[in-house]
file run21.txt (compact mmCIF, C-alpha atoms)
# COMPACT_ATOMS: atom_id res chain seq x y z
CA MET N 1 81.20 331.86 -141.12
CA ASP N 2 81.52 331.10 -137.40
CA GLY N 3 81.81 327.67 -135.79
CA CYS N 4 78.03 327.20 -135.95
CA GLY N 5 77.86 327.98 -139.68
CA ARG N 6 76.39 331.45 -139.16
CA LEU N 7 77.54 334.40 -141.24
CA ARG N 8 79.21 336.99 -139.00
CA SER N 9 80.42 340.50 -139.85
CA ALA N 10 84.03 341.53 -139.19
CA GLY N 11 82.99 345.20 -139.13
CA THR N 12 82.71 348.17 -141.51
CA PHE N 13 85.85 349.78 -142.93
CA SER N 14 86.70 352.73 -145.16
CA SER N 15 89.14 350.95 -147.48
CA LYS N 16 89.50 347.57 -149.13
CA LYS N 17 92.90 347.14 -147.52
CA ASP N 18 91.44 347.49 -144.01
CA THR N 19 88.56 345.23 -144.94
CA ASP N 20 90.90 342.47 -146.15
CA ARG N 21 93.01 342.79 -143.00
CA ALA N 22 89.90 342.46 -140.82
CA TRP N 23 88.45 339.36 -142.45
CA GLN N 24 91.85 337.69 -142.55
CA ALA N 25 92.28 338.33 -138.79
CA ALA N 26 88.79 336.94 -138.18
CA GLU N 27 89.63 333.81 -140.20
CA THR N 28 92.85 333.37 -138.18
CA LYS N 29 90.92 333.54 -134.89
CA LEU N 30 88.41 331.03 -136.24
CA ALA N 31 91.21 328.62 -137.19
CA GLU N 32 92.66 328.98 -133.66
CA GLY N 33 89.26 328.19 -132.14
CA ARG N 34 88.78 331.73 -130.79
CA VAL N 35 85.23 332.20 -132.01
CA GLY N 36 83.79 334.07 -129.04
CA ASP N 37 81.93 337.28 -129.65
CA PRO N 38 83.96 340.15 -128.10
CA ALA N 39 80.68 341.78 -127.08
CA ARG N 40 80.11 338.97 -124.57
CA GLY N 41 83.10 340.14 -122.56
CA ARG N 42 81.45 343.52 -122.15
CA GLN N 43 78.50 342.11 -120.19
CA LYS N 44 78.38 342.79 -116.47
CA PHE N 45 79.64 340.16 -114.04
CA ARG N 46 76.23 340.12 -112.36
CA LYS N 47 74.45 339.29 -115.63
CA TYR N 48 76.86 336.48 -116.50
CA VAL N 49 76.64 334.86 -113.06
CA GLU N 50 72.86 335.15 -112.62
CA GLU N 51 71.83 334.27 -116.19
CA THR N 52 74.56 331.91 -117.35
CA TRP N 53 76.80 330.47 -114.64
CA LEU N 54 74.49 329.74 -111.71
CA PRO N 55 71.57 328.32 -113.76
CA HIS N 56 73.71 325.97 -115.88
CA HIS N 57 76.78 325.09 -113.81
CA GLN N 58 76.39 321.47 -112.66
CA MET N 59 76.52 321.13 -108.85
CA GLU N 60 74.58 319.68 -105.95
CA HIS N 61 71.52 321.63 -104.83
CA SER N 62 73.08 322.22 -101.41
CA THR N 63 76.24 323.51 -103.10
CA ARG N 64 74.17 325.83 -105.28
CA GLU N 65 72.47 327.22 -102.18
CA GLY N 66 75.79 327.85 -100.43
CA TYR N 67 77.38 329.40 -103.53
CA THR N 68 74.41 331.69 -104.08
CA TYR N 69 74.58 333.07 -100.55
CA SER N 70 78.38 333.49 -100.66
CA ILE N 71 78.31 335.21 -104.06
CA GLY N 72 75.58 337.60 -102.94
CA LYS N 73 77.34 338.50 -99.70
CA HIS N 74 81.02 338.67 -100.65
CA VAL N 75 81.53 338.61 -104.43
CA MET N 76 78.73 340.66 -106.01
CA PRO N 77 79.35 343.86 -103.99
CA GLU N 78 82.85 344.03 -105.49
CA PHE N 79 82.47 342.66 -109.03
CA GLY N 80 78.74 342.80 -109.80
CA ASP N 81 78.87 346.06 -111.79
CA MET N 82 82.20 345.35 -113.51
CA ARG N 83 82.43 344.15 -117.09
CA MET N 84 83.73 340.60 -117.39
CA ILE N 85 86.59 341.69 -119.66
CA ASP N 86 87.71 344.31 -117.14
CA ILE N 87 88.30 341.96 -114.18
CA LEU N 88 92.06 341.68 -113.69
CA PRO N 89 94.30 340.05 -111.05
CA GLU N 90 94.91 343.43 -109.42
CA HIS N 91 91.16 343.76 -108.78
CA VAL N 92 91.06 340.32 -107.15
CA ARG N 93 94.00 341.22 -104.90
CA GLU N 94 92.30 344.49 -103.87
CA TRP N 95 89.11 342.56 -103.11
CA ILE N 96 90.95 340.07 -100.91
CA THR N 97 92.58 342.95 -99.01
CA LYS N 98 89.16 344.55 -98.42
CA LEU N 99 87.71 341.28 -97.10
CA LYS N 100 90.66 340.90 -94.75
CA GLN N 101 90.19 344.47 -93.46
CA GLN N 102 86.50 343.76 -92.88
CA GLY N 103 87.43 340.92 -90.54
CA VAL N 104 86.40 338.06 -92.85
CA THR N 105 88.15 334.86 -91.78
CA PRO N 106 90.94 333.42 -93.96
CA ALA N 107 88.90 330.26 -94.58
CA THR N 108 85.92 332.30 -95.86
CA ILE N 109 88.23 334.40 -98.06
CA ARG N 110 89.75 331.25 -99.52
CA ASN N 111 86.33 329.71 -100.23
CA ASN N 112 85.02 332.85 -101.92
CA LYS N 113 88.13 333.18 -104.05
CA MET N 114 87.62 329.54 -105.08
CA ILE N 115 84.04 330.34 -106.17
CA LEU N 116 85.19 333.42 -108.12
CA SER N 117 87.92 331.35 -109.78
CA ALA N 118 85.35 328.72 -110.83
CA ILE N 119 83.18 331.43 -112.41
CA LEU N 120 86.09 332.96 -114.31
CA ALA N 121 87.38 329.53 -115.39
CA THR N 122 84.01 328.78 -116.98
CA ALA N 123 83.97 332.22 -118.60
CA LEU N 124 87.44 331.49 -119.99
CA ASP N 125 86.23 328.20 -121.47
CA ASP N 126 83.24 330.04 -122.96
CA GLN N 127 85.62 332.68 -124.41
CA VAL N 128 83.81 335.42 -122.54
CA VAL N 129 87.18 336.43 -121.03
CA PHE N 130 90.71 335.55 -122.05
CA LEU N 131 92.27 335.11 -118.62
CA ASN N 132 91.27 333.84 -115.22
CA ALA N 133 92.03 336.79 -112.97
CA CYS N 134 92.31 334.51 -109.90
CA HIS N 135 95.33 332.60 -111.20
CA GLY N 136 98.40 333.40 -109.14
CA VAL N 137 96.48 335.46 -106.57
CA LYS N 138 97.15 334.34 -103.01
CA THR N 139 94.84 334.41 -100.03
CA PRO N 140 95.75 334.68 -96.32
CA PRO N 141 96.98 331.37 -94.89
CA VAL N 142 94.36 329.30 -93.09
CA PRO N 143 95.79 328.09 -89.77
CA ARG N 144 94.99 324.50 -88.89
CA LYS N 145 93.96 324.47 -85.26
CA PRO N 146 94.57 321.34 -83.19
CA LEU N 147 91.50 319.19 -82.76
CA GLN N 148 89.91 319.22 -79.31
CA ILE N 149 88.43 315.78 -78.82
CA ILE N 150 85.71 315.06 -76.30
CA THR N 151 86.81 312.41 -73.80
CA PRO N 152 84.67 309.39 -72.83
CA GLU N 153 84.08 310.99 -69.42
CA GLN N 154 82.89 314.26 -70.97
CA PHE N 155 80.66 312.38 -73.39
CA ASP N 156 78.99 310.57 -70.50
CA ASP N 157 78.27 313.91 -68.79
CA LEU N 158 76.77 315.30 -71.99
CA TYR N 159 74.88 312.09 -72.80
CA HIS N 160 72.92 312.12 -69.54
CA HIS N 161 71.78 315.72 -70.08
CA LEU N 162 69.98 314.90 -73.34
CA PRO N 163 66.21 315.09 -72.79
CA THR N 164 64.87 311.69 -73.95
CA GLU N 165 66.01 308.11 -74.47
CA ASP N 166 65.62 308.48 -78.24
CA PHE N 167 68.16 311.30 -78.25
CA TRP N 168 70.43 309.26 -75.95
CA LEU N 169 70.39 306.51 -78.56
CA LEU N 170 70.97 308.96 -81.42
CA ALA N 171 74.05 310.43 -79.70
CA GLU N 172 75.39 306.98 -78.81
CA THR N 173 74.87 305.74 -82.37
CA GLU N 174 76.84 308.74 -83.63
CA ILE N 175 79.78 308.17 -81.29
CA GLU N 176 79.78 304.44 -82.12
CA SER N 177 79.56 304.89 -85.90
CA GLY N 178 81.15 308.26 -86.76
CA LEU N 179 78.47 309.01 -89.36
CA ARG N 180 78.04 312.41 -90.93
CA TRP N 181 74.84 314.18 -89.83
CA GLY N 182 73.08 313.65 -93.18
CA GLU N 183 73.93 309.92 -93.07
CA LEU N 184 72.71 309.59 -89.49
CA ALA N 185 69.44 311.47 -90.16
CA GLU N 186 68.71 309.27 -93.20
CA LEU N 187 69.42 305.90 -91.56
CA ARG N 188 66.54 303.48 -92.05
CA VAL N 189 65.76 300.13 -90.49
CA ARG N 190 66.78 298.25 -93.62
CA ASP N 191 70.31 299.72 -93.39
CA LEU N 192 71.03 297.71 -90.22
CA ASN N 193 71.64 293.97 -90.40
CA VAL N 194 70.97 293.05 -86.77
CA ARG N 195 72.11 289.44 -87.12
CA PHE N 196 75.59 290.27 -88.43
CA ARG N 197 75.77 293.76 -86.81
CA ILE N 198 76.54 295.33 -90.20
CA LEU N 199 75.54 298.94 -90.96
CA THR N 200 75.29 300.01 -94.61
CA VAL N 201 75.73 303.70 -95.47
CA SER N 202 74.28 304.27 -98.94
CA ARG N 203 72.35 307.57 -98.73
CA THR N 204 72.39 310.99 -97.14
CA VAL N 205 69.85 313.76 -96.64
CA VAL N 206 70.42 317.50 -96.99
CA GLU N 207 68.23 320.31 -95.69
CA LEU N 208 67.60 323.12 -98.18
CA ASN N 209 65.83 326.40 -98.48
CA PRO N 210 62.72 325.32 -100.46
CA LYS N 211 63.57 327.70 -103.32
CA PHE N 212 66.70 325.61 -104.01
CA HIS N 213 64.89 322.27 -103.78
CA PRO N 214 63.75 320.86 -107.15
CA ASP N 215 60.30 320.13 -105.69
CA GLY N 216 60.08 323.07 -103.30
CA LYS N 217 60.55 320.90 -100.20
CA ARG N 218 62.92 321.16 -97.24
CA PHE N 219 64.70 317.80 -97.28
CA GLN N 220 66.34 316.12 -100.24
CA VAL N 221 67.47 312.49 -100.01
CA LYS N 222 70.46 311.69 -102.20
CA GLY N 223 70.93 308.08 -103.24
CA TYR N 224 74.61 308.14 -102.33
CA PRO N 225 76.73 309.45 -99.45
CA LYS N 226 79.51 312.02 -99.76
CA ASP N 227 82.01 311.31 -102.56
CA HIS N 228 79.57 308.64 -103.84
CA ASP N 229 81.33 306.01 -101.71
CA PHE N 230 79.03 303.38 -100.20
CA ARG N 231 80.46 301.67 -97.13
CA ARG N 232 79.68 298.87 -94.70
CA PHE N 233 81.12 298.31 -91.24
CA LYS N 234 80.36 296.50 -88.01
CA LEU N 235 78.84 298.00 -84.88
CA SER N 236 79.32 296.84 -81.31
CA THR N 237 76.96 294.30 -79.82
CA GLN N 238 75.62 296.68 -77.19
CA ILE N 239 74.61 299.45 -79.64
CA VAL N 240 73.01 296.95 -82.04
CA ASP N 241 70.98 295.48 -79.17
CA LYS N 242 69.79 298.98 -78.24
CA LEU N 243 68.88 299.79 -81.85
CA ALA N 244 67.01 296.49 -82.18
CA GLN N 245 65.05 297.27 -79.01
CA HIS N 246 64.34 300.78 -80.36
CA ILE N 247 63.00 299.32 -83.63
CA THR N 248 60.75 296.87 -81.76
CA SER N 249 59.41 299.31 -79.17
CA HIS N 250 58.54 301.92 -81.82
CA GLY N 251 57.08 299.37 -84.25
CA LEU N 252 59.32 300.53 -87.09
CA SER N 253 59.09 298.90 -90.51
CA SER N 254 61.91 298.31 -92.99
CA ASP N 255 61.57 301.68 -94.73
CA ASP N 256 61.10 303.78 -91.58
CA LEU N 257 63.73 306.21 -90.36
CA LEU N 258 65.63 305.00 -87.31
CA PHE N 259 65.52 308.51 -85.84
CA SER N 260 62.69 310.94 -86.56
CA VAL N 261 60.63 313.62 -84.89
CA THR N 262 56.85 313.59 -85.20
CA GLU N 263 54.96 316.73 -86.18
CA ARG N 264 53.16 316.82 -82.84
CA ALA N 265 56.37 316.61 -80.86
CA SER N 266 58.15 319.20 -82.98
CA THR N 267 55.49 321.87 -82.62
CA ARG N 268 54.57 321.31 -78.96
CA PRO N 269 55.32 324.52 -77.00
CA GLN N 270 57.54 324.32 -73.95
CA LEU N 271 55.96 325.47 -70.67
CA ARG N 272 57.88 327.95 -68.56
CA VAL N 273 57.62 328.62 -64.86
CA VAL N 274 57.26 332.37 -64.31
CA PRO N 275 59.54 333.34 -61.41
CA ASP N 276 58.64 335.77 -58.65
CA ARG N 277 60.24 339.09 -59.63
CA ASP N 278 60.63 340.09 -55.99
CA GLU N 279 62.97 337.15 -55.50
CA LEU N 280 65.17 337.81 -58.55
CA GLY N 281 66.99 340.82 -57.15
CA TRP N 282 68.18 343.96 -58.90
CA THR N 283 70.31 344.67 -61.97
CA GLU N 284 73.72 346.27 -61.85
CA PRO N 285 73.64 350.12 -62.08
CA ASN N 286 73.42 351.39 -65.65
CA ALA N 287 75.28 354.41 -67.05
CA LYS N 288 73.00 356.75 -65.06
CA GLY N 289 73.42 354.75 -61.88
CA ARG N 290 69.88 353.34 -61.92
CA ARG N 291 68.92 349.76 -61.02
CA TYR N 292 65.85 347.74 -61.97
CA LYS N 293 64.20 344.51 -60.89
CA HIS N 294 65.21 341.46 -62.92
CA GLY N 295 62.47 339.97 -65.08
CA THR N 296 60.92 343.34 -66.03
CA LEU N 297 60.75 345.35 -69.26
CA SER N 298 62.51 348.23 -67.57
CA ALA N 299 65.44 346.03 -66.70
CA TYR N 300 65.65 344.82 -70.32
CA ASN N 301 65.27 348.24 -71.98
CA SER N 302 66.94 350.61 -69.52
CA GLY N 303 69.21 348.28 -67.53
CA PRO N 304 70.14 347.11 -70.06
CA CYS N 305 70.16 343.57 -68.70
CA ARG N 306 70.26 340.48 -70.94
CA CYS N 307 69.92 337.75 -68.33
CA ASP N 308 67.53 334.87 -69.03
CA HIS N 309 64.79 336.38 -66.85
CA CYS N 310 64.89 339.83 -68.50
CA ARG N 311 65.03 338.34 -71.99
CA ALA N 312 62.05 336.09 -71.16
CA ALA N 313 60.07 339.13 -69.94
CA PHE N 314 60.75 340.96 -73.21
CA ALA N 315 59.90 337.88 -75.30
CA LEU N 316 56.59 337.48 -73.45
CA TYR N 317 55.77 341.16 -74.02
CA ARG N 318 56.47 340.86 -77.77
CA ALA N 319 54.43 337.65 -78.03
CA GLN N 320 51.44 339.32 -76.37
CA ARG N 321 51.62 342.25 -78.79
CA ARG N 322 51.78 339.94 -81.80
CA SER N 323 48.85 337.86 -80.58
CA SER N 324 46.75 341.02 -80.21
CA GLY N 325 47.64 342.18 -83.75
CA LYS N 326 49.69 345.20 -82.67
CA ASP N 327 52.89 343.98 -84.33
CA GLU N 328 53.53 342.06 -87.52
CA PRO N 329 53.34 338.30 -86.84
CA ARG N 330 56.63 336.48 -86.71
CA LYS N 331 57.52 334.13 -89.54
CA PRO N 332 56.95 330.46 -88.65
CA ARG N 333 59.88 328.93 -86.81
CA THR N 334 61.90 326.13 -88.35
CA ARG N 335 60.22 322.90 -87.34
CA ALA N 336 61.96 319.70 -86.38
CA SER N 337 60.33 317.87 -89.28
CA ASP N 338 58.43 318.80 -92.38
CA ALA N 339 56.01 315.93 -93.08
CA ASP N 340 58.71 313.43 -94.05
CA GLY N 341 60.04 312.91 -90.53
CA HIS N 342 63.68 313.91 -91.00
CA ILE N 343 65.22 315.72 -88.06
CA SER N 344 66.25 319.28 -88.86
CA ARG N 345 69.93 319.75 -88.08
CA ASP N 346 69.44 323.35 -86.96
CA TRP N 347 66.44 322.43 -84.79
CA PHE N 348 68.36 319.61 -83.14
CA ARG N 349 71.33 321.87 -82.46
CA ARG N 350 69.28 324.70 -80.92
CA GLN N 351 66.60 322.74 -79.07
CA ILE N 352 68.39 319.56 -78.01
CA TRP N 353 72.16 319.68 -78.32
CA VAL N 354 73.15 323.16 -77.13
CA PRO N 355 70.97 322.99 -73.96
CA ALA N 356 72.54 319.63 -73.11
CA VAL N 357 76.08 320.96 -73.66
CA THR N 358 75.30 323.96 -71.45
CA ALA N 359 73.80 321.81 -68.70
CA ALA N 360 76.80 319.44 -68.78
CA GLY N 361 79.13 322.35 -67.93
CA LEU N 362 81.96 321.21 -70.21
CA ASP N 363 85.05 323.40 -70.60
CA PHE N 364 84.41 323.63 -74.38
CA ARG N 365 81.34 323.42 -76.60
CA PRO N 366 81.47 320.27 -78.77
CA THR N 367 79.19 319.92 -81.78
CA MET N 368 77.61 316.81 -83.26
CA ARG N 369 80.37 316.86 -85.86
CA ASP N 370 82.85 316.57 -82.99
CA MET N 371 81.25 313.20 -82.15
CA ARG N 372 82.47 311.97 -85.55
CA HIS N 373 85.94 313.28 -84.71
CA ALA N 374 85.78 311.54 -81.34
CA HIS N 375 84.82 308.24 -82.99
CA ALA N 376 87.98 308.33 -85.12
CA SER N 377 90.20 309.47 -82.27
CA TRP N 378 88.92 306.86 -79.82
CA LEU N 379 89.41 304.07 -82.35
CA LEU N 380 93.00 305.07 -83.08
CA ALA N 381 93.79 305.59 -79.40
CA GLY N 382 92.54 302.08 -78.77
CA GLY N 383 94.90 300.62 -81.38
CA ALA N 384 92.63 300.33 -84.44
CA ASP N 385 94.30 300.12 -87.84
CA LEU N 386 94.54 303.45 -89.66
CA GLN N 387 93.18 302.04 -92.93
CA VAL N 388 90.20 300.46 -91.14
CA VAL N 389 89.31 303.80 -89.52
CA LYS N 390 89.63 305.55 -92.89
CA GLU N 391 87.16 303.14 -94.48
CA ARG N 392 84.69 303.37 -91.59
CA LEU N 393 84.57 307.16 -91.81
CA GLY N 394 84.55 307.32 -95.62
CA HIS N 395 87.59 309.59 -95.86
CA GLY N 396 88.91 310.22 -99.35
CA SER N 397 92.51 310.36 -98.15
CA ILE N 398 94.34 308.60 -95.35
CA ALA N 399 96.02 311.93 -94.56
CA THR N 400 92.65 313.12 -93.29
CA THR N 401 92.42 310.15 -90.94
CA ARG N 402 95.96 310.74 -89.63
CA ARG N 403 94.79 314.04 -88.12
CA TYR N 404 93.05 312.04 -85.39
CA LEU N 405 96.20 310.29 -84.18
CA HIS N 406 97.26 311.30 -80.65
CA THR N 407 94.41 313.80 -80.15
CA LEU N 408 93.12 312.68 -76.75
CA PRO N 409 94.51 314.55 -73.71
CA ASP N 410 96.27 311.42 -72.42
CA ALA N 411 97.60 310.35 -75.83
CA ASP N 412 101.24 311.15 -74.95
CA GLU N 413 101.27 309.20 -71.69
CA THR N 414 102.84 306.16 -73.38
CA ALA N 415 105.63 308.29 -74.82
CA LEU N 416 106.25 309.97 -71.44
CA ASP N 417 106.38 306.60 -69.69
CA ALA N 418 108.94 305.41 -72.23
CA MET N 419 111.05 308.53 -71.70
CA ALA N 420 110.92 308.17 -67.91
CA LYS N 421 111.89 304.50 -68.14
CA THR N 422 114.93 305.30 -70.28
CA ARG N 423 116.09 308.23 -68.13
CA SER N 424 115.81 306.15 -64.98
CA ARG N 425 118.61 303.84 -66.19
CA ALA N 426 121.24 306.25 -64.91
CA ALA N 427 119.81 306.10 -61.39
CA ARG N 428 119.84 302.32 -61.46
call {"tool": "encode", "arguments": {"input": "run21.txt", "output": "structure tokens"}}
result
Amino acid sequence: MDGCGRLRSAGTFSSKKDTDRAWQAAETKLAEGRVGDPARGRQKFRKYVEETWLPHHQMEHSTREGYTYSIGKHVMPEFGDMRMIDILPEHVREWITKLKQQGVTPATIRNNKMILSAILATALDDQVVFLNACHGVKTPPVPRKPLQIITPEQFDDLYHHLPTEDFWLLAETEIESGLRWGELAELRVRDLNVRFRILTVSRTVVELNPKFHPDGKRFQVKGYPKDHDFRRFKLSTQIVDKLAQHITSHGLSSDDLLFSVTERASTRPQLRVVPDRDELGWTEPNAKGRRYKHGTLSAYNSGPCRCDHCRAAFALYRAQRRSSGKDEPRKPRTRASDADGHISRDWFRRQIWVPAVTAAGLDFRPTMRDMRHAHASWLLAGGADLQVVKERLGHGSIATTRRYLHTLPDADETALDAMAKTRSRAAR
């Protein structure tokens, strides 16, 4: 009898002696808790992951989406057709070497090895395998690059290149609060206590492929922020006054999002001024020594030139063919909102943020996440307590917050002044 009370066969044997040895060995395994069916270890890795691990492993929907893509791209090509029982540490090491040779970054290799280890750990608990082949296998070291923090002067340049006042306020709220994108996009009027200038962070929103959303939608609001840690902190008087004015001017109610994009605004096409091709000049000579006028199909195809004017000419040509039914219609573009008003992170990055960064002409390309880094760095540079900054940002460890110490370009000026003052004693 197995652990579930079912009668199981130990096999068929030619002698009573072999039969007794077999059932005694089976009883010993049962007493040790090793009741797994050996046949389960002979199933393919692909079958176990797709039918057992992914459907039943408890994780966030956004995590499931990311794991599914990573497994399909990096793990399945190597292990999909292998039997679970056959996966050994040497195979994992060979796989890591292949990824490294393919130019996969050390961080991506580490993350994919972590996913594979989680799969094999569950299989070990389920007695599908009897070792986790990832144990003891090392991945290439992940270098920790120094943080490049946007300065207040650079932020001002970027801020004034954002297209509308609403986006000015969104960027300023981010730099003043250090919220994660999902927390910022899910902020509602009721989360801000204007009188006491207290902001409560109690939810976040994630954007999903609809097939990973439980209701087939794009945005999922989670009733808790990252690490399930609610937090409250004060905002400056000037940003609260601006938010209060924003709430009043837009007629927002308690449950409304502070920042949202309407359907009409998100789908409105942008008008382009078609330049005069005769004024654009000529491309550089191609391999055959030929030159073409900028802003023409010939320049794009034969130049080959990829300037903005030539790319726009090709895009217009393709759009005209699609509208006349000569080519397959393009799939709908990602919209800024999908009925519930949340701002799409990808839409904001492509349509609002990147153009502003380009127009500002900064010497590096900061992201919205870098505004969170800047919030922490500016606070610490101004003398804020390390523990206070940790709690404002919702860091799980104070070691994470310490990374933002002395990250501004002029952070060492105090130390240099102290050194100069001490060295000057000899001259005096």
call {"tool": "closest_residue", "arguments": {"input": "run21.txt", "among": "N:His375, N:Leu280, N:Ile115, N:Pro143", "to": "N:Gly66", "atoms": "all atoms listed in the file"}}
result
N:Ile115
call {"tool": "closest_residue", "arguments": {"input": "run21.txt", "among": "N:Ser323, N:Thr367, N:Ser260, N:Ser249", "to": "N:Gly341", "atoms": "only C-alpha atoms"}}
result
N:Ser260
call {"tool": "residues_near_point", "arguments": {"input": "run21.txt", "point": "(71.5, 302.3, -90.3)", "cutoff": "12 Å", "atoms": "all atoms listed in the file", "output": "PDB file with C-alpha atoms, in the coordinates of the input"}}
result
ATOM      1  CA  LEU N 170      70.970 308.960 -81.420  1.00  0.00           C
ATOM      2  CA  THR N 173      74.870 305.740 -82.370  1.00  0.00           C
ATOM      3  CA  GLU N 174      76.840 308.740 -83.630  1.00  0.00           C
ATOM      4  CA  GLU N 176      79.780 304.440 -82.120  1.00  0.00           C
ATOM      5  CA  SER N 177      79.560 304.890 -85.900  1.00  0.00           C
ATOM      6  CA  GLY N 178      81.150 308.260 -86.760  1.00  0.00           C
ATOM      7  CA  LEU N 179      78.470 309.010 -89.360  1.00  0.00           C
ATOM      8  CA  GLY N 182      73.080 313.650 -93.180  1.00  0.00           C
ATOM      9  CA  GLU N 183      73.930 309.920 -93.070  1.00  0.00           C
ATOM     10  CA  LEU N 184      72.710 309.590 -89.490  1.00  0.00           C
ATOM     11  CA  ALA N 185      69.440 311.470 -90.160  1.00  0.00           C
ATOM     12  CA  GLU N 186      68.710 309.270 -93.200  1.00  0.00           C
ATOM     13  CA  LEU N 187      69.420 305.900 -91.560  1.00  0.00           C
ATOM     14  CA  ARG N 188      66.540 303.480 -92.050  1.00  0.00           C
ATOM     15  CA  VAL N 189      65.760 300.130 -90.490  1.00  0.00           C
ATOM     16  CA  ARG N 190      66.780 298.250 -93.620  1.00  0.00           C
ATOM     17  CA  ASP N 191      70.310 299.720 -93.390  1.00  0.00           C
ATOM     18  CA  LEU N 192      71.030 297.710 -90.220  1.00  0.00           C
ATOM     19  CA  ASN N 193      71.640 293.970 -90.400  1.00  0.00           C
ATOM     20  CA  VAL N 194      70.970 293.050 -86.770  1.00  0.00           C
ATOM     21  CA  ARG N 197      75.770 293.760 -86.810  1.00  0.00           C
ATOM     22  CA  ILE N 198      76.540 295.330 -90.200  1.00  0.00           C
ATOM     23  CA  LEU N 199      75.540 298.940 -90.960  1.00  0.00           C
ATOM     24  CA  THR N 200      75.290 300.010 -94.610  1.00  0.00           C
ATOM     25  CA  VAL N 201      75.730 303.700 -95.470  1.00  0.00           C
ATOM     26  CA  SER N 202      74.280 304.270 -98.940  1.00  0.00           C
ATOM     27  CA  ARG N 203      72.350 307.570 -98.730  1.00  0.00           C
ATOM     28  CA  THR N 204      72.390 310.990 -97.140  1.00  0.00           C
ATOM     29  CA  ARG N 231      80.460 301.670 -97.130  1.00  0.00           C
ATOM     30  CA  ARG N 232      79.680 298.870 -94.700  1.00  0.00           C
ATOM     31  CA  PHE N 233      81.120 298.310 -91.240  1.00  0.00           C
ATOM     32  CA  LYS N 234      80.360 296.500 -88.010  1.00  0.00           C
ATOM     33  CA  LEU N 235      78.840 298.000 -84.880  1.00  0.00           C
ATOM     34  CA  ILE N 239      74.610 299.450 -79.640  1.00  0.00           C
ATOM     35  CA  VAL N 240      73.010 296.950 -82.040  1.00  0.00           C
ATOM     36  CA  LEU N 243      68.880 299.790 -81.850  1.00  0.00           C
ATOM     37  CA  ALA N 244      67.010 296.490 -82.180  1.00  0.00           C
ATOM     38  CA  ILE N 247      63.000 299.320 -83.630  1.00  0.00           C
ATOM     39  CA  SER N 254      61.910 298.310 -92.990  1.00  0.00           C
ATOM     40  CA  ASP N 255      61.570 301.680 -94.730  1.00  0.00           C
ATOM     41  CA  ASP N 256      61.100 303.780 -91.580  1.00  0.00           C
ATOM     42  CA  LEU N 257      63.730 306.210 -90.360  1.00  0.00           C
ATOM     43  CA  LEU N 258      65.630 305.000 -87.310  1.00  0.00           C
ATOM     44  CA  PHE N 259      65.520 308.510 -85.840  1.00  0.00           C
TER      45      PHE N 259
END
call {"tool": "closest_residue", "arguments": {"input": "run21.txt", "among": "N:Met84, N:Ala313, N:Ile352, N:Ala107", "to": "N:Phe167", "atoms": "all atoms listed in the file"}}
result
N:Ile352
call {"tool": "residues_near_point", "arguments": {"input": "run21.txt", "point": "(70.3, 326.7, -103.2)", "cutoff": "8 Å", "atoms": "all atoms listed in the file", "output": "count of residues only"}}
result
13
call {"tool": "atom_distance", "arguments": {"input": "run21.txt", "atom1": "atom CA of N:His228", "atom2": "atom CA of N:Asn111"}}
result
22.4 Å
call {"tool": "atom_distance", "arguments": {"input": "run21.txt", "atom1": "atom CA of N:Pro141", "atom2": "atom CA of N:Met114"}}
result
14.0 Å
call {"tool": "atom_distance", "arguments": {"input": "run21.txt", "atom1": "atom CA of N:Leu158", "atom2": "atom CA of N:Lys145"}}
result
23.6 Å
call {"tool": "decode", "arguments": {"input": "run21.txt", "residues": "stretch 382-396 of chain N", "atoms": "C-alpha atoms", "output": "PDB file, in the first residue's frame"}}
result
ATOM      1  CA  GLY N 382      20.725  66.859   2.012  1.00  0.00           C
ATOM      2  CA  GLY N 383      21.358  65.178   5.370  1.00  0.00           C
ATOM      3  CA  ALA N 384      18.226  63.027   5.784  1.00  0.00           C
ATOM      4  CA  ASP N 385      18.429  60.096   8.194  1.00  0.00           C
ATOM      5  CA  LEU N 386      19.195  56.766   6.517  1.00  0.00           C
ATOM      6  CA  GLN N 387      16.384  54.936   8.326  1.00  0.00           C
ATOM      7  CA  VAL N 388      13.853  57.615   7.345  1.00  0.00           C
ATOM      8  CA  VAL N 389      14.830  57.295   3.663  1.00  0.00           C
ATOM      9  CA  LYS N 390      14.571  53.496   3.903  1.00  0.00           C
ATOM     10  CA  GLU N 391      11.021  53.736   5.233  1.00  0.00           C
ATOM     11  CA  ARG N 392       9.951  56.319   2.639  1.00  0.00           C
ATOM     12  CA  LEU N 393      11.118  54.124  -0.231  1.00  0.00           C
ATOM     13  CA  GLY N 394       9.848  50.847   1.241  1.00  0.00           C
ATOM     14  CA  HIS N 395      13.218  49.093   1.072  1.00  0.00           C
ATOM     15  CA  GLY N 396      13.379  45.674   2.697  1.00  0.00           C
TER      16      GLY N 396
END
